[in-house]
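**Q** Dropping in coords29.cif, with mmCIF, C-alpha atoms.
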```
data_protein
#
loop_
_atom_site.label_atom_id
_atom_site.label_comp_id
_atom_site.auth_asym_id
_atom_site.auth_seq_id
_atom_site.Cartn_x
_atom_site.Cartn_y
_atom_site.Cartn_z
CA MET A 7 0.00 0.00 0.00
CA ILE A 8 1.13 3.55 -0.78
CA SER A 9 -0.24 6.53 1.12
CA PHE A 10 0.06 10.29 0.81
CA GLU A 11 -0.46 12.57 3.79
CA LEU A 12 -2.00 15.79 2.52
CA GLY A 13 -2.49 18.99 4.46
CA VAL A 14 -4.81 21.89 3.69
CA GLU A 15 -2.10 23.56 1.62
CA ASP A 16 -1.59 20.40 -0.41
CA LEU A 17 -5.28 20.11 -1.21
CA ALA A 18 -5.27 23.77 -2.25
CA HIS A 19 -2.46 22.91 -4.67
CA THR A 20 -4.14 19.80 -6.09
CA ARG A 21 -3.94 20.14 -9.86
CA PHE A 22 -4.67 18.19 -13.03
CA ALA A 23 -2.65 17.52 -16.16
CA VAL A 24 -2.74 15.34 -19.26
CA SER A 25 0.27 13.51 -20.63
CA PRO A 26 0.57 12.56 -24.32
CA LEU A 27 3.73 10.57 -23.55
CA GLY A 28 2.04 8.82 -20.62
CA GLU A 29 -0.88 7.75 -22.82
CA THR A 30 1.53 6.55 -25.50
CA VAL A 31 3.53 4.43 -23.07
CA LEU A 32 0.45 3.04 -21.31
CA SER A 33 -1.12 2.07 -24.63
CA LEU A 34 1.72 -0.45 -25.01
CA ARG A 35 -0.03 -2.55 -22.38
CA VAL A 36 -3.05 -2.91 -24.66
CA LEU A 37 -0.71 -3.84 -27.50
CA ARG A 38 0.97 -6.43 -25.25
CA ASP A 39 -2.26 -7.86 -23.81
CA PRO A 40 -5.43 -6.90 -25.73
CA GLY A 41 -7.53 -8.67 -23.11
CA ILE A 42 -6.66 -6.04 -20.53
CA SER A 43 -9.40 -3.79 -21.91
CA ALA A 44 -11.89 -4.85 -24.55
CA LEU A 45 -12.94 -1.20 -24.83
CA HIS A 46 -9.74 -0.44 -26.73
CA LEU A 47 -10.06 -3.22 -29.31
CA PRO A 48 -11.46 -0.86 -32.00
CA TRP A 49 -8.38 1.35 -31.53
CA LEU A 50 -6.07 -1.66 -31.64
CA ARG A 51 -7.59 -2.99 -34.85
CA SER A 52 -7.25 0.40 -36.52
CA VAL A 53 -3.59 1.02 -35.59
CA ARG A 54 -2.06 -2.44 -36.01
CA PRO A 55 -1.57 -2.20 -39.80
CA GLY A 56 0.48 0.99 -39.33
CA LEU A 57 2.89 -0.67 -36.91
CA ALA A 58 4.34 -3.10 -39.45
CA GLY A 59 7.52 -1.10 -39.89
CA LEU A 60 8.25 -0.58 -36.19
CA ASP A 61 10.46 -2.66 -33.91
CA THR A 62 7.54 -3.96 -31.88
CA GLY A 63 9.85 -6.49 -30.23
CA LEU A 64 11.66 -3.68 -28.40
CA LEU A 65 8.37 -1.95 -27.59
CA MET A 66 6.92 -5.12 -26.10
CA ALA A 67 10.11 -5.75 -24.12
CA LEU A 68 9.32 -2.59 -22.16
CA VAL A 69 6.15 -4.21 -20.77
CA THR A 70 6.58 -7.06 -18.28
CA ASP A 71 4.34 -10.10 -17.90
CA LEU A 72 2.71 -8.28 -14.98
CA LEU A 73 2.20 -5.26 -17.29
CA THR A 74 4.57 -3.07 -15.28
CA LEU A 75 6.64 -0.44 -17.10
CA PRO A 76 9.98 1.23 -16.38
CA ASP A 77 9.24 4.36 -14.37
CA PHE A 78 11.57 6.66 -16.31
CA LEU A 79 9.28 6.38 -19.36
CA THR A 80 6.44 8.25 -17.64
CA PRO A 81 7.80 11.44 -16.03
CA PRO A 82 5.13 13.60 -14.37
CA PRO A 83 3.91 16.27 -16.80
CA ALA A 84 5.50 19.65 -16.08
CA ALA A 85 2.56 21.62 -17.53
CA PHE A 86 -1.17 21.16 -17.90
CA GLU A 87 -0.74 19.71 -21.40
CA PRO A 88 2.94 19.40 -22.34
CA ALA A 89 3.95 18.67 -25.91
CA PHE A 90 4.88 15.07 -26.59
CA GLU A 91 8.34 16.16 -27.74
CA ASP A 92 8.94 18.06 -24.49
CA GLU A 93 8.07 15.04 -22.39
CA LEU A 94 10.22 12.79 -24.56
CA ALA A 95 13.15 15.18 -24.07
CA VAL A 96 12.87 14.56 -20.32
CA VAL A 97 13.11 10.80 -20.91
CA ARG A 98 16.05 11.27 -23.27
CA ALA A 99 17.90 13.14 -20.51
CA THR A 100 17.48 10.31 -17.98
CA PRO A 101 20.89 9.27 -16.57
CA PRO A 102 21.99 5.75 -17.59
CA ASP A 103 22.07 4.51 -13.99
CA VAL A 104 18.40 5.51 -13.54
CA VAL A 105 17.45 3.80 -16.81
CA ARG A 106 19.21 0.60 -15.69
CA ARG A 107 17.66 0.78 -12.21
CA ASP A 108 14.11 1.27 -13.53
CA LEU A 109 14.39 -1.53 -16.09
CA LEU A 110 15.58 -3.97 -13.44
CA ALA A 111 12.92 -2.76 -10.97
CA ALA A 112 10.14 -3.24 -13.52
CA TYR A 113 11.14 -6.87 -14.01
CA ASP A 114 11.61 -7.32 -10.24
CA GLY A 115 14.29 -10.02 -10.39
CA GLU A 116 12.97 -11.77 -13.49
CA PRO A 117 15.34 -12.12 -16.48
CA LEU A 118 15.19 -9.18 -18.84
CA PRO A 119 14.29 -9.83 -22.50
CA ALA A 120 17.23 -9.99 -24.87
CA PRO A 121 16.79 -6.45 -26.28
CA LEU A 122 17.16 -5.03 -22.76
CA HIS A 123 19.52 -7.51 -21.12
CA ALA A 124 22.51 -6.89 -23.36
CA ALA A 125 22.44 -3.14 -22.78
CA THR A 126 21.83 -3.19 -19.03
CA ALA A 127 24.65 -5.71 -18.56
CA ALA A 128 27.09 -3.48 -20.44
CA ASP A 129 28.48 -0.01 -19.68
CA ASP A 130 26.64 3.32 -19.43
CA GLY A 131 27.24 4.01 -23.11
CA ALA A 132 25.21 0.93 -24.09
CA VAL A 133 22.41 1.94 -21.71
CA SER A 134 22.35 5.47 -23.18
CA ALA A 135 22.18 4.01 -26.69
CA LEU A 136 19.24 1.80 -25.63
CA ARG A 137 17.48 4.79 -24.04
CA ASP A 138 17.88 6.85 -27.22
CA ALA A 139 16.67 3.97 -29.41
CA VAL A 140 13.58 3.58 -27.21
CA CYS A 141 12.88 7.33 -27.45
CA ALA A 142 13.16 7.31 -31.24
CA LEU A 143 10.87 4.28 -31.42
CA LEU A 144 8.32 5.82 -29.08
CA HIS A 145 8.22 8.94 -31.26
CA ARG A 146 7.42 6.86 -34.33
CA TYR A 147 4.85 4.86 -32.38
CA TRP A 148 3.20 8.09 -31.14
CA ASP A 149 2.96 9.43 -34.69
CA SER A 150 1.37 6.23 -35.95
CA ALA A 151 -0.82 4.97 -33.10
CA VAL A 152 -1.70 7.79 -30.71
CA ARG A 153 -1.26 11.25 -32.24
CA PRO A 154 -4.11 10.80 -34.79
CA PHE A 155 -6.48 10.12 -31.87
CA TRP A 156 -5.05 12.65 -29.43
CA PRO A 157 -7.79 15.32 -29.86
CA GLN A 158 -10.55 12.95 -28.74
CA ILE A 159 -8.35 11.39 -26.02
CA ARG A 160 -7.67 14.86 -24.64
CA LEU A 161 -11.37 15.77 -24.64
CA VAL A 162 -12.26 12.62 -22.67
CA ALA A 163 -9.54 13.48 -20.13
CA GLU A 164 -10.71 17.09 -19.89
CA ALA A 165 -14.29 15.94 -19.32
CA ASP A 166 -13.04 13.79 -16.44
CA MET A 167 -11.14 16.75 -14.96
CA THR A 168 -14.27 18.89 -15.13
CA TYR A 169 -16.25 16.23 -13.30
CA ARG A 170 -13.53 15.76 -10.63
CA ALA A 171 -13.20 19.49 -10.05
CA ARG A 172 -16.96 19.66 -9.54
CA GLN A 173 -16.80 16.78 -7.06
CA LEU A 174 -14.04 18.57 -5.14
CA ALA A 175 -16.07 21.78 -5.04
CA ARG A 176 -19.20 19.95 -3.85
CA GLY A 177 -17.76 17.64 -1.22
CA GLY A 178 -14.04 18.20 -0.75
CA ALA A 179 -11.36 15.55 -1.00
CA ARG A 180 -13.59 12.74 0.26
CA LEU A 181 -16.02 13.17 -2.64
CA LEU A 182 -13.20 13.80 -5.13
CA PHE A 183 -11.69 10.36 -4.49
CA ALA A 184 -14.93 8.50 -3.67
CA ASP A 185 -15.52 7.12 -7.17
CA MET A 186 -12.12 7.63 -8.77
CA HIS A 187 -11.05 3.98 -8.40
CA PRO A 188 -11.67 1.06 -6.01
CA GLN A 189 -7.98 1.13 -5.07
CA LEU A 190 -8.34 4.55 -3.42
CA ARG A 191 -9.45 5.39 0.11
CA TRP A 192 -9.53 8.86 1.66
CA GLU A 193 -9.28 8.91 5.44
CA ASP A 194 -9.14 11.65 8.05
CA GLU A 195 -6.60 10.93 10.77
CA GLY A 196 -6.40 13.42 13.59
CA GLY A 197 -7.11 16.40 11.37
CA ARG A 198 -4.82 15.14 8.61
CA GLY A 199 -6.00 13.79 5.28
CA VAL A 200 -4.47 10.54 4.05
CA LEU A 201 -4.98 9.16 0.57
CA ARG A 202 -4.34 5.40 0.55
CA ILE A 203 -3.66 3.49 -2.67
CA HIS A 204 -4.24 -0.22 -2.10
CA ARG A 205 -3.03 -3.20 -4.15
CA THR A 206 0.18 -1.58 -5.32
CA ILE A 207 3.57 -3.11 -6.05
CA GLY A 208 5.72 -2.00 -3.13
CA GLY A 209 4.65 0.47 -0.50
CA TYR A 210 5.57 3.64 1.35
CA HIS A 211 4.08 6.57 3.25
CA ALA A 212 4.95 10.09 2.11
CA ARG A 213 4.08 13.53 3.45
CA ALA A 214 3.28 16.01 0.73
CA CYS A 215 4.69 18.90 2.81
CA GLY A 216 3.22 21.64 0.67
CA ARG A 217 4.09 20.04 -2.68
CA GLY A 218 0.44 19.45 -3.53
CA LEU A 219 -0.95 16.53 -5.50
CA LEU A 220 -0.79 16.04 -9.27
CA LEU A 221 -3.71 14.07 -10.78
CA VAL A 222 -3.36 12.71 -14.32
CA PRO A 223 -6.41 11.02 -15.90
CA SER A 224 -5.61 8.38 -18.50
CA VAL A 225 -7.75 6.53 -21.02
CA PHE A 226 -5.25 3.65 -21.27
CA ALA A 227 -4.66 3.13 -17.53
CA HIS A 228 -6.42 0.13 -16.01
CA LYS A 229 -5.46 0.93 -12.40
CA CYS A 230 -3.95 3.75 -10.36
CA ALA A 231 -0.23 4.43 -10.70
CA PRO A 232 1.50 6.55 -8.01
CA PRO A 233 5.24 7.31 -8.11
CA VAL A 234 7.40 4.30 -7.31
CA GLY A 235 9.21 6.00 -4.43
CA PRO A 236 8.55 8.55 -1.67
CA GLN A 237 11.25 10.89 -2.98
CA GLU A 238 9.01 11.85 -5.92
CA PRO A 239 6.36 14.61 -5.58
CA PRO A 240 2.94 13.11 -4.74
CA GLY A 241 1.00 12.27 -7.86
CA LEU A 242 -1.50 9.80 -9.21
CA LEU A 243 -2.22 8.59 -12.72
CA TYR A 244 -5.70 7.06 -12.73
CA PRO A 245 -8.26 5.61 -15.18
CA CYS A 246 -10.57 8.40 -16.30
CA ARG A 247 -14.29 8.32 -16.85
CA GLY A 248 -15.91 8.11 -20.26
CA VAL A 249 -13.48 5.67 -21.90
CA ALA A 250 -16.41 3.62 -23.16
CA THR A 251 -17.45 6.58 -25.32
CA LEU A 252 -14.02 6.99 -26.91
CA TRP A 253 -14.15 4.43 -29.71
CA ALA A 254 -17.86 3.54 -29.66
CA PRO A 255 -19.89 4.47 -32.73
CA VAL A 256 -22.49 7.17 -32.28
CA PRO A 257 -25.90 5.62 -31.48
CA GLU A 258 -28.53 6.40 -34.05
CA HIS A 259 -32.01 7.14 -32.85
CA GLY A 260 -34.43 7.53 -35.69
CA PRO A 261 -38.14 8.43 -35.63
CA ASP A 262 -38.97 5.04 -34.15
CA ALA A 263 -36.38 5.18 -31.37
CA GLY A 264 -37.25 3.29 -28.23
CA PRO A 265 -36.83 4.34 -24.58
CA ALA A 266 -33.05 4.73 -24.88
CA GLY A 267 -33.60 7.65 -27.23
CA GLY A 268 -36.39 9.17 -25.20
CA GLY A 269 -39.20 7.37 -27.04
CA PRO A 270 -40.88 8.14 -30.36
CA ALA A 271 -43.07 10.83 -28.80
CA LEU A 272 -40.01 12.74 -27.55
CA VAL A 273 -38.38 12.50 -30.99
CA ARG A 274 -41.55 13.80 -32.66
CA LEU A 275 -41.71 16.66 -30.16
CA LEU A 276 -38.07 17.79 -30.20
CA GLY A 277 -36.56 16.20 -33.27
CA ALA A 278 -33.98 13.40 -33.18
CA PRO A 279 -30.87 15.58 -32.53
CA ARG A 280 -32.37 17.41 -29.54
CA ALA A 281 -33.93 14.25 -28.12
CA ARG A 282 -30.51 12.60 -28.33
CA LEU A 283 -28.85 15.54 -26.57
CA LEU A 284 -31.44 15.54 -23.81
CA ARG A 285 -30.87 11.83 -23.26
CA MET A 286 -27.11 12.38 -22.94
CA LEU A 287 -27.41 15.18 -20.38
CA ALA A 288 -28.16 13.01 -17.35
CA GLU A 289 -24.74 14.23 -16.16
CA PRO A 290 -23.12 17.67 -16.61
CA LEU A 291 -21.30 17.88 -19.94
CA ALA A 292 -19.59 20.65 -21.88
CA THR A 293 -20.39 21.52 -25.48
CA VAL A 294 -17.07 20.18 -26.76
CA GLU A 295 -17.59 16.84 -25.04
CA LEU A 296 -21.10 16.49 -26.48
CA ALA A 297 -19.72 17.36 -29.92
CA ARG A 298 -16.97 14.76 -29.55
CA ARG A 299 -19.38 12.02 -28.60
CA LEU A 300 -21.76 12.87 -31.44
CA ARG A 301 -18.97 13.42 -34.02
CA VAL A 302 -20.35 16.85 -34.94
CA THR A 303 -19.10 20.42 -34.58
CA PRO A 304 -19.47 22.32 -31.28
CA SER A 305 -21.43 25.05 -33.09
CA ALA A 306 -24.04 22.51 -34.19
CA VAL A 307 -24.43 21.31 -30.60
CA SER A 308 -24.63 24.90 -29.30
CA GLN A 309 -27.59 25.68 -31.55
CA HIS A 310 -29.61 22.81 -30.13
CA LEU A 311 -28.54 23.54 -26.55
CA ARG A 312 -29.77 27.13 -26.85
CA VAL A 313 -33.21 25.85 -27.84
CA LEU A 314 -33.30 23.27 -25.01
CA TYR A 315 -32.16 25.89 -22.50
CA ALA A 316 -34.79 28.42 -23.66
CA ALA A 317 -37.44 25.72 -23.24
CA GLY A 318 -36.30 25.02 -19.68
CA LEU A 319 -35.25 21.44 -20.48
CA VAL A 320 -31.61 21.92 -19.54
CA THR A 321 -29.71 24.03 -17.02
CA ARG A 322 -26.25 25.49 -17.43
CA ALA A 323 -23.50 26.60 -15.08
CA ARG A 324 -20.03 27.96 -15.71
CA HIS A 325 -17.14 25.88 -14.38
CA GLY A 326 -13.79 27.50 -15.07
CA ARG A 327 -13.51 28.11 -18.80
CA GLN A 328 -16.34 25.73 -19.64
CA VAL A 329 -20.12 25.91 -19.48
CA LEU A 330 -21.69 22.65 -18.29
CA TYR A 331 -25.17 21.61 -19.37
CA ARG A 332 -27.43 19.16 -17.57
CA ARG A 333 -31.05 18.11 -17.83
CA SER A 334 -33.40 20.13 -15.67
CA PRO A 335 -36.13 18.42 -13.59
CA LEU A 336 -38.50 19.20 -16.46
CA GLY A 337 -36.07 17.57 -18.90
CA ASP A 338 -35.73 14.54 -16.62
CA GLY A 339 -39.49 14.11 -16.52
CA LEU A 340 -39.87 14.56 -20.25
CA THR A 341 -37.13 12.03 -21.02
CA ALA A 342 -38.67 9.53 -18.62
CA GLY A 343 -42.10 10.05 -20.17
CA ARG A 344 -43.69 11.34 -16.97
CA GLY A 345 -46.68 13.45 -17.84
CA GLY A 346 -46.61 14.92 -14.36
CA ALA A 347 -43.52 16.90 -15.28
CA PHE A 348 -45.76 19.50 -16.88
CA THR A 349 -47.98 20.08 -13.87
#
```
Represent the supplied structure as structure tokens.

**A**
Amino acid sequence: MISFELGVEDLAHTRFAVSPLGETVLSLRVLRDPGISALHLPWLRSVRPGLAGLDTGLLMALVTDLLTLPDFLTPPPAAFEPAFEDELAVVRATPPDVVRRDLLAAYDGEPLPAPLHAATAADDGAVSALRDAVCALLHRYWDSAVRPFWPQIRLVAEADMTYRARQLARGGARLLFADMHPQLRWEDEGGRGVLRIHRTIGGYHARACGRGLLLVPSVFAHKCAPPVGPQEPPGLLYPCRGVATLWAPVPEHGPDAGPAGGGPALVRLLGAPRARLLRMLAEPLATVELARRLRVTPSAVSQHLRVLYAAGLVTRARHGRQVLYRRSPLGDGLTAGRGGAFT
């Protein structure tokens, strides 16, 4: 178990970030073991043909049988959304002794695959050459497998951040971590807040001491990933919400749509696009997230939202730079087919 002790100042400095390099590295797990997440199979099928020219043997050597990865490949993002190249430059600057240490730690005493063993058993020059080869390969892999999908990946992550920030505003740290992942427990101990991450490899207890907490949502993560040692600033990469919407085709609800689309009466009343929007707004969502899920432009969504808002079927509230829309009680009743909603 790993735990972070967080004071008031640390919670005030809790912040979010996205990591294009982190998503790229974590996606290797899906490549290594497609069964880890059936949700990503559409992505896997679409990118596999483009990987024919890459050294996938070296890529797969970076992922152990337990799906652990060398820690130096996923440095904490230094900005809210760093460029992939900037994050890769951090990895390329990793000292050879750290690269060797993290490779051996990832395999935890098990023999390293041939592509890694020869370099780690040699001098620092061989380790540096391996590190640089991995960086060059990851750049090509990013260009082929992740960069084309980055806009929608980023929007899913940003939607998760918006939801988490709202949870924090409504109920503090306890509500923020309540549904983030089953591994997490928030406990109050004598006026101190302690975030416990269960079922981890290794364990330690660290005091944040004013350093805050960095939270990084990931579409490719299947469990929480804190730093491997207490010397690192407190942080947590965690599976974000909405991954099921990432690769799924947009549901079509025609004039004869059943209850999932609000029913044929709702479609006749509002039209299929607005009925579909109203159905989706059971939770607060921003215009860009609705547009992403529907594969349309934000301006098209905005036109329909203005009509639904004017009719009192949705509410809206500003949260940071975004405006979140949600069904109103009238919209809930109309979607559920309750005639009493109009009385």

**Q** Do a neighbour search on A:Glu193 at 10 Å with all atoms listed in the file, toss out local chain neighbours closer than 4 positions, and write the hits as a ChimeraX atom specification.

**A** /A:11,179-180,197-202

**Q** Residues within 12 Å of (-28.9, 29.6, -19.2), file coordinates, counting only C-alpha atoms: what are they? Give the list as a ChimeraX atom specification.

**A** /A:308,311-324,329-334

**Q** Using the chain letters and residue numbers of this document, give as a list in words the residues selected by the PyMOL selection byres ((chain A and resi 21) around 10).

**A**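 Expected selection for the PyMOL selection byres ((chain A and resi 21) around 10) here is Asp16, Leu17, Ala18, His19, Thr20, Phe22, Ala23, Phe86, Met167, Ala171, Gly218, Leu219, Leu220, Leu221, Val222 and Gly241 of chain A.
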
**Q** Tell me, as a PyMOL selection string, which residues lie within 12 Å of A:Val133, counting all atoms listed in the file; anything in the same chain fewer than 2 positions away does not count.

**A** chain A and resi 98+100-109+121-131+135-140

**Q** Counting all atoms listed in the file, which of A:Ile207, A:Ala95, A:Val53, A:Leu64 gets nearest to A:Ala120?

**A** A:Leu64

**Q** Looking at all atoms listed in the file, which of A:Ala132, A:Ala89, A:Ala151, A:Leu118 is the one that sits closest to A:Val31?

**A**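 Answer, going by the shortest atom-to-atom distance: A:Ala151.
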
**Q** Hey, can you check how far atom CA of A:Gln158 sits from atom CA of A:Arg298?

**A**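 Interatomic distance here is 6.7 Å.
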
**Q** So how far away is atom CA of A:Cys141 from atom CA of A:Leu72, in Å?

**A**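 Atom CA of A:Cys141 lies 22.4 Å from atom CA of A:Leu72.
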
**Q** When distances are computed from all atoms listed in the file, which of A:Val24, A:Ala58, A:Val97, A:Leu12 shows the smallest separation from A:Asp77?

**A**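 Closest candidate: A:Val97.
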
**Q** To one decimal place, how far is atom CA of A:Pro76 from atom CA of A:Leu34 in Å?

**A**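 Atom-to-atom, atom CA of A:Pro76 to atom CA of A:Leu34, that is 12.1 Å.
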
**Q** Find the residues around stretch 37-42 of chain A up to 12 Å (all atoms listed in the file counted), leave out those fewer than 6 positions away in its own chain, and share them as a PyMOL selection string.

**A** chain A and resi 30-31+48-54+57+62-75+147+151+226-229

**Q** Apply the PyMOL selection byres ((chain A and resi 299) around 12) to the displayed file and report the matching residues as JSON, numbers by chain.

**A** {"A": [158, 159, 161, 162, 165, 248, 249, 250, 251, 252, 253, 254, 255, 256, 257, 282, 283, 286, 287, 291, 292, 293, 294, 295, 296, 297, 298, 300, 301, 302, 303, 304, 307]}

**Q** Name the residues captured by the PyMOL selection byres ((chain A and resi 9) around 9) when it is applied to the shown file; answer as a ChimeraX atom specification.

**A** /A:7-8,10-11,200-204,209-213

**Q** Considering all atoms listed in the file, state which residue in the set A:Leu242, A:Leu27, A:Leu174, A:Leu336 is at the smallest distance from A:Leu94.

**A**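 Nearest candidate to A:Leu94 out of A:Leu242, A:Leu27, A:Leu174, A:Leu336: A:Leu27.
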
**Q** Just checking: using all atoms listed in the file, which residue out of A:Gly208, A:Pro233, A:Pro245, A:Pro239 ends up closest to A:His187?

**A**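 Of A:Gly208, A:Pro233, A:Pro245, A:Pro239, the one nearest A:His187, counting all atoms listed in the file, is A:Pro245.
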
**Q** Measuring atom to atom with all atoms listed in the file, identify which of A:Leu272, A:Val225, A:Cys215, A:Leu243 is nearest to A:Phe155.

**A**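 Closest to A:Phe155 of all the choices is A:Val225.
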
**Q** For A:Glu29, find every residue with an atom within 7 Å (counting all atoms listed in the file), except residues of its own chain fewer than 3 positions away, and show them as a PyMOL selection string.

**A** chain A and resi 25-26+32-33+224+226

**Q** So that all listed atoms of stretch 292-306 of chain A fit with 4 Å spare on each side, what axis-aligned box centre and edge lengths in Å, to one decimal, would you give as lines of an AutoDock Vina configuration file?

**A**
```
center_x = -20.5
center_y = 18.5
center_z = -28.4
size_x = 15.1
size_y = 21.0
size_z = 21.1
```
